[in-house]
>>> print(open('input_23.cif').read())   # mmCIF, N, CA and C atoms
data_data
loop_
_atom_site.label_atom_id
_atom_site.label_comp_id
_atom_site.auth_asym_id
_atom_site.auth_seq_id
_atom_site.Cartn_x
_atom_site.Cartn_y
_atom_site.Cartn_z
N MET A 1 10.97 16.23 1.18
CA MET A 1 10.58 16.98 0.00
C MET A 1 9.06 17.07 -0.04
N THR A 2 8.53 18.23 -0.42
CA THR A 2 7.08 18.43 -0.42
C THR A 2 6.51 18.59 -1.83
N ASP A 3 7.28 18.27 -2.86
CA ASP A 3 6.79 18.34 -4.24
C ASP A 3 6.18 19.69 -4.57
N ASP A 4 6.65 20.75 -3.91
CA ASP A 4 6.21 22.11 -4.18
C ASP A 4 4.77 22.39 -3.76
N TRP A 5 4.18 21.56 -2.92
CA TRP A 5 2.84 21.84 -2.40
C TRP A 5 2.96 22.91 -1.32
N ARG A 6 1.95 23.77 -1.25
CA ARG A 6 1.91 24.83 -0.24
C ARG A 6 0.48 24.94 0.32
N VAL A 7 0.40 25.50 1.52
CA VAL A 7 -0.90 25.78 2.12
C VAL A 7 -1.67 26.71 1.18
N ASP A 8 -2.97 26.46 1.04
CA ASP A 8 -3.90 27.19 0.18
C ASP A 8 -3.85 26.80 -1.29
N ASP A 9 -2.98 25.85 -1.67
CA ASP A 9 -3.02 25.33 -3.03
C ASP A 9 -4.34 24.60 -3.25
N LEU A 10 -4.79 24.54 -4.48
CA LEU A 10 -5.96 23.74 -4.84
C LEU A 10 -5.47 22.39 -5.35
N ALA A 11 -6.11 21.31 -4.88
CA ALA A 11 -5.71 19.95 -5.23
C ALA A 11 -6.87 19.22 -5.89
N LEU A 12 -6.63 18.71 -7.08
CA LEU A 12 -7.61 17.93 -7.82
C LEU A 12 -7.34 16.45 -7.55
N CYS A 13 -8.34 15.75 -7.03
CA CYS A 13 -8.19 14.31 -6.76
C CYS A 13 -8.21 13.56 -8.09
N ILE A 14 -7.21 12.68 -8.29
CA ILE A 14 -7.15 11.90 -9.52
C ILE A 14 -7.34 10.40 -9.26
N SER A 15 -7.21 9.98 -8.00
CA SER A 15 -7.49 8.58 -7.65
C SER A 15 -7.85 8.52 -6.17
N ARG A 16 -8.62 7.51 -5.83
CA ARG A 16 -9.15 7.41 -4.47
C ARG A 16 -8.65 6.13 -3.80
N HIS A 17 -8.16 6.28 -2.59
CA HIS A 17 -7.79 5.12 -1.78
C HIS A 17 -9.06 4.63 -1.08
N GLU A 18 -9.18 3.34 -0.90
CA GLU A 18 -10.39 2.76 -0.28
C GLU A 18 -10.65 3.26 1.13
N ARG A 19 -9.63 3.74 1.83
CA ARG A 19 -9.81 4.23 3.19
C ARG A 19 -10.23 5.70 3.25
N TYR A 20 -10.23 6.38 2.12
CA TYR A 20 -10.61 7.79 2.09
C TYR A 20 -12.13 7.92 2.23
N PRO A 21 -12.58 9.02 2.84
CA PRO A 21 -14.03 9.28 2.88
C PRO A 21 -14.59 9.39 1.46
N LEU A 22 -15.87 9.12 1.32
CA LEU A 22 -16.49 9.10 0.00
C LEU A 22 -16.37 10.43 -0.76
N GLU A 23 -16.34 11.55 -0.05
CA GLU A 23 -16.26 12.84 -0.74
C GLU A 23 -14.88 13.08 -1.36
N VAL A 24 -13.88 12.32 -0.95
CA VAL A 24 -12.55 12.41 -1.55
C VAL A 24 -12.52 11.40 -2.70
N ARG A 25 -12.88 11.90 -3.88
CA ARG A 25 -13.05 11.04 -5.06
C ARG A 25 -12.49 11.76 -6.28
N PRO A 26 -12.17 11.02 -7.34
CA PRO A 26 -11.64 11.67 -8.54
C PRO A 26 -12.57 12.76 -9.05
N GLY A 27 -11.97 13.88 -9.38
CA GLY A 27 -12.71 15.04 -9.88
C GLY A 27 -13.00 16.08 -8.82
N ALA A 28 -12.93 15.71 -7.55
CA ALA A 28 -13.18 16.66 -6.47
C ALA A 28 -11.95 17.55 -6.26
N VAL A 29 -12.20 18.80 -5.87
CA VAL A 29 -11.13 19.77 -5.65
C VAL A 29 -11.16 20.22 -4.19
N PHE A 30 -9.98 20.28 -3.58
CA PHE A 30 -9.85 20.63 -2.17
C PHE A 30 -8.78 21.70 -1.98
N THR A 31 -8.87 22.43 -0.85
CA THR A 31 -7.88 23.43 -0.50
C THR A 31 -6.95 22.86 0.55
N VAL A 32 -5.65 22.92 0.29
CA VAL A 32 -4.64 22.37 1.20
C VAL A 32 -4.54 23.24 2.45
N ARG A 33 -4.56 22.60 3.62
CA ARG A 33 -4.35 23.34 4.87
C ARG A 33 -3.06 22.94 5.57
N VAL A 34 -2.53 21.72 5.29
CA VAL A 34 -1.26 21.25 5.87
C VAL A 34 -0.53 20.43 4.82
N VAL A 35 0.79 20.63 4.74
CA VAL A 35 1.65 19.80 3.88
C VAL A 35 2.62 19.07 4.79
N MET A 36 2.64 17.74 4.69
CA MET A 36 3.52 16.91 5.52
C MET A 36 4.60 16.30 4.63
N ALA A 37 5.86 16.60 4.93
CA ALA A 37 6.97 16.05 4.15
C ALA A 37 7.33 14.65 4.67
N ASP A 38 7.74 13.79 3.78
CA ASP A 38 8.22 12.44 4.12
C ASP A 38 7.25 11.65 4.99
N MET A 39 5.98 11.70 4.65
CA MET A 39 4.97 10.91 5.36
C MET A 39 5.20 9.43 5.02
N PRO A 40 5.32 8.55 6.02
CA PRO A 40 5.54 7.14 5.72
C PRO A 40 4.34 6.49 5.06
N ASP A 41 4.60 5.54 4.19
CA ASP A 41 3.54 4.78 3.53
C ASP A 41 3.11 3.65 4.45
N LEU A 42 1.81 3.50 4.67
CA LEU A 42 1.30 2.50 5.61
C LEU A 42 1.54 1.07 5.18
N VAL A 43 1.70 0.85 3.89
CA VAL A 43 1.90 -0.52 3.41
C VAL A 43 3.37 -0.80 3.09
N GLY A 44 4.24 0.02 3.61
CA GLY A 44 5.67 -0.22 3.44
C GLY A 44 6.28 0.31 2.16
N GLY A 45 5.54 1.11 1.44
CA GLY A 45 6.06 1.70 0.20
C GLY A 45 6.94 2.90 0.50
N GLN A 46 7.21 3.65 -0.51
CA GLN A 46 8.07 4.82 -0.41
C GLN A 46 7.38 5.96 0.32
N ALA A 47 8.10 6.61 1.24
CA ALA A 47 7.56 7.79 1.92
C ALA A 47 7.35 8.91 0.91
N GLY A 48 6.39 9.77 1.18
CA GLY A 48 6.11 10.86 0.25
C GLY A 48 5.40 12.00 0.94
N THR A 49 4.93 12.93 0.16
CA THR A 49 4.25 14.11 0.67
C THR A 49 2.81 13.76 1.04
N GLY A 50 2.38 14.23 2.20
CA GLY A 50 1.01 14.07 2.65
C GLY A 50 0.31 15.41 2.67
N LEU A 51 -0.99 15.40 2.39
CA LEU A 51 -1.77 16.64 2.36
C LEU A 51 -2.98 16.49 3.28
N LYS A 52 -3.28 17.56 4.02
CA LYS A 52 -4.53 17.65 4.77
C LYS A 52 -5.30 18.81 4.16
N PHE A 53 -6.63 18.68 4.13
CA PHE A 53 -7.46 19.65 3.43
C PHE A 53 -8.46 20.33 4.36
N ARG A 54 -8.90 21.51 3.95
CA ARG A 54 -9.98 22.20 4.66
C ARG A 54 -11.29 21.51 4.34
N ASP A 55 -12.17 21.46 5.30
CA ASP A 55 -13.54 20.94 5.11
C ASP A 55 -13.59 19.50 4.63
N VAL A 56 -12.59 18.70 5.02
CA VAL A 56 -12.54 17.28 4.70
C VAL A 56 -12.16 16.55 5.98
N PRO A 57 -12.77 15.40 6.26
CA PRO A 57 -12.41 14.67 7.48
C PRO A 57 -10.91 14.41 7.57
N ASP A 58 -10.37 14.64 8.76
CA ASP A 58 -8.96 14.40 9.02
C ASP A 58 -8.75 12.90 9.19
N LEU A 59 -7.64 12.38 8.68
CA LEU A 59 -7.34 10.96 8.80
C LEU A 59 -6.61 10.62 10.10
N GLY A 60 -6.30 11.62 10.92
CA GLY A 60 -5.61 11.40 12.18
C GLY A 60 -4.39 12.28 12.28
N PRO A 61 -3.80 12.38 13.48
CA PRO A 61 -2.68 13.30 13.69
C PRO A 61 -1.42 12.92 12.92
N GLN A 62 -1.21 11.64 12.66
CA GLN A 62 -0.01 11.20 11.96
C GLN A 62 -0.30 10.76 10.53
N ALA A 63 -1.50 11.00 10.03
CA ALA A 63 -1.90 10.55 8.71
C ALA A 63 -2.38 11.72 7.86
N ALA A 64 -2.29 11.53 6.56
CA ALA A 64 -2.76 12.55 5.62
C ALA A 64 -3.05 11.87 4.29
N TYR A 65 -3.61 12.63 3.38
CA TYR A 65 -3.91 12.12 2.05
C TYR A 65 -2.63 12.12 1.22
N CYS A 66 -2.40 11.08 0.48
CA CYS A 66 -1.19 10.92 -0.32
C CYS A 66 -1.19 11.91 -1.48
N ALA A 67 -0.20 12.76 -1.55
CA ALA A 67 -0.13 13.79 -2.60
C ALA A 67 -0.06 13.18 -4.00
N ARG A 68 0.40 11.95 -4.13
CA ARG A 68 0.46 11.31 -5.45
C ARG A 68 -0.92 11.07 -6.03
N ARG A 69 -1.96 11.12 -5.20
CA ARG A 69 -3.32 10.92 -5.68
C ARG A 69 -4.01 12.24 -6.06
N PHE A 70 -3.23 13.34 -6.07
CA PHE A 70 -3.77 14.66 -6.37
C PHE A 70 -2.86 15.39 -7.34
N ARG A 71 -3.43 16.33 -8.08
CA ARG A 71 -2.67 17.22 -8.96
C ARG A 71 -2.96 18.65 -8.53
N LYS A 72 -1.89 19.43 -8.48
CA LYS A 72 -2.04 20.84 -8.12
C LYS A 72 -2.70 21.59 -9.26
N ILE A 73 -3.69 22.40 -8.93
CA ILE A 73 -4.33 23.26 -9.93
C ILE A 73 -3.63 24.61 -9.85
N THR A 74 -2.98 24.96 -10.94
CA THR A 74 -2.24 26.22 -10.99
C THR A 74 -3.04 27.21 -11.82
N PRO A 75 -3.48 28.30 -11.20
CA PRO A 75 -4.26 29.28 -11.98
C PRO A 75 -3.39 29.93 -13.04
N GLN A 76 -3.99 30.19 -14.18
CA GLN A 76 -3.28 30.86 -15.26
C GLN A 76 -3.35 32.37 -15.06
N ALA A 77 -2.40 33.06 -15.67
CA ALA A 77 -2.43 34.52 -15.63
C ALA A 77 -3.66 35.01 -16.38
N PRO A 78 -4.28 36.10 -15.93
CA PRO A 78 -5.47 36.59 -16.62
C PRO A 78 -5.13 37.07 -18.03
N ASP A 79 -6.03 36.77 -18.98
CA ASP A 79 -5.84 37.29 -20.34
C ASP A 79 -6.31 38.75 -20.36
N SER A 80 -6.29 39.40 -21.52
CA SER A 80 -6.61 40.83 -21.58
C SER A 80 -8.06 41.11 -21.15
N PHE A 81 -9.01 40.23 -21.51
CA PHE A 81 -10.40 40.44 -21.09
C PHE A 81 -10.51 40.31 -19.58
N ASP A 82 -9.89 39.24 -19.01
CA ASP A 82 -9.92 39.06 -17.56
C ASP A 82 -9.32 40.27 -16.85
N ALA A 83 -8.19 40.76 -17.36
CA ALA A 83 -7.53 41.91 -16.75
C ALA A 83 -8.43 43.14 -16.78
N GLU A 84 -9.15 43.34 -17.89
CA GLU A 84 -10.07 44.48 -18.00
C GLU A 84 -11.20 44.37 -16.98
N VAL A 85 -11.78 43.18 -16.84
CA VAL A 85 -12.87 42.97 -15.88
C VAL A 85 -12.35 43.17 -14.45
N ILE A 86 -11.17 42.65 -14.16
CA ILE A 86 -10.59 42.82 -12.83
C ILE A 86 -10.39 44.29 -12.52
N ASP A 87 -9.87 45.04 -13.50
CA ASP A 87 -9.67 46.49 -13.31
C ASP A 87 -11.01 47.20 -13.08
N MET A 88 -12.04 46.83 -13.84
CA MET A 88 -13.36 47.46 -13.66
C MET A 88 -13.91 47.17 -12.27
N LEU A 89 -13.79 45.93 -11.83
CA LEU A 89 -14.28 45.57 -10.50
C LEU A 89 -13.50 46.27 -9.39
N ALA A 90 -12.24 46.53 -9.65
CA ALA A 90 -11.39 47.20 -8.67
C ALA A 90 -11.55 48.72 -8.74
N GLY A 91 -12.33 49.22 -9.72
CA GLY A 91 -12.56 50.66 -9.82
C GLY A 91 -11.50 51.38 -10.61
N VAL A 92 -10.69 50.65 -11.37
CA VAL A 92 -9.65 51.26 -12.19
C VAL A 92 -10.14 51.19 -13.63
N THR A 93 -10.99 52.12 -14.01
CA THR A 93 -11.54 52.10 -15.37
C THR A 93 -10.83 53.11 -16.25
N ASP A 94 -10.76 52.79 -17.51
CA ASP A 94 -10.15 53.70 -18.49
C ASP A 94 -11.28 54.54 -19.07
N LEU A 95 -11.33 55.82 -18.70
CA LEU A 95 -12.40 56.71 -19.12
C LEU A 95 -12.11 57.37 -20.46
N ARG A 96 -11.00 57.02 -21.11
CA ARG A 96 -10.64 57.64 -22.38
C ARG A 96 -11.38 57.01 -23.55
N ARG A 97 -12.20 56.02 -23.37
CA ARG A 97 -12.89 55.35 -24.48
C ARG A 97 -14.09 56.13 -24.93
#
>>> encode(input="input_23.cif", output="structure tokens")
Amino acid sequence: MTDDWRVDDLALCISRHERYPLEVRPGAVFTVRVVMADMPDLVGGQAGTGLKFRDVPDLGPQAAYCARRFRKITPQAPDSFDAEVIDMLAGVTDLRR
């Protein structure tokens, strides 16, 4: 099971393991590049989802960051102002105003 993680998801770090590089710290946001299902726990705990990120040191071919230490950032749908700005930037303007 991959807990619904997908490549290109944004992951917010909520806790840091002592073996993680210093840049992987609470509050940091990363882009998922690999999702590993049923990654074994090194200390004999429960297997779970592992994540590898872009622009972050790799922990090795059989290792990844524990998904339980991250929360997926789900973008919200644009509100009416956002939609208007997106349309303007895309060149779809309402000239009837």
>>> atom_distance(input="input_23.cif", atom1="atom C of A:Thr31", atom2="atom CA of A:Met88")
29.1 Å
>>> residues_around(input="input_23.cif", residues="stretch 11-18 of chain A", least_positions_apart="6", cutoff="10 Å", atoms="only C-alpha atoms", output="PyMOL selection string")
chain A and resi 5+24-32+51+53+65-74
>>> atom_distance(input="input_23.cif", atom1="atom N of A:Asp55", atom2="atom CA of A:Asp4")
20.7 Å
>>> select_by_dssp(input="input_23.cif", residues="chain A", states="helix (DSSP H, G or I)", output="ChimeraX atom specification")
/A:67-69,80-89
>>> residues_around(input="input_23.cif", residues="A:Thr49", least_positions_apart="3", cutoff="5 Å", atoms="all atoms listed in the file", output="JSON, numbers by chain")
{"A": [36, 37, 38, 39, 67]}
>>> atom_distance(input="input_23.cif", atom1="atom N of A:Asp9", atom2="atom N of A:Arg33")
6.4 Å
>>> residues_around(input="input_23.cif", residues="A:Leu59", least_positions_apart="5", cutoff="10 Å", atoms="only C-alpha atoms", output="list of chain:residue names")
A:Arg19, A:Tyr20, A:Pro21, A:Lys52, A:Ala64, A:Tyr65
>>> select_by_dssp(input="input_23.cif", residues="chain A", states="strand (DSSP E)", output="ChimeraX atom specification")
/A:10-13,29-39,48-53,65-66,70-73
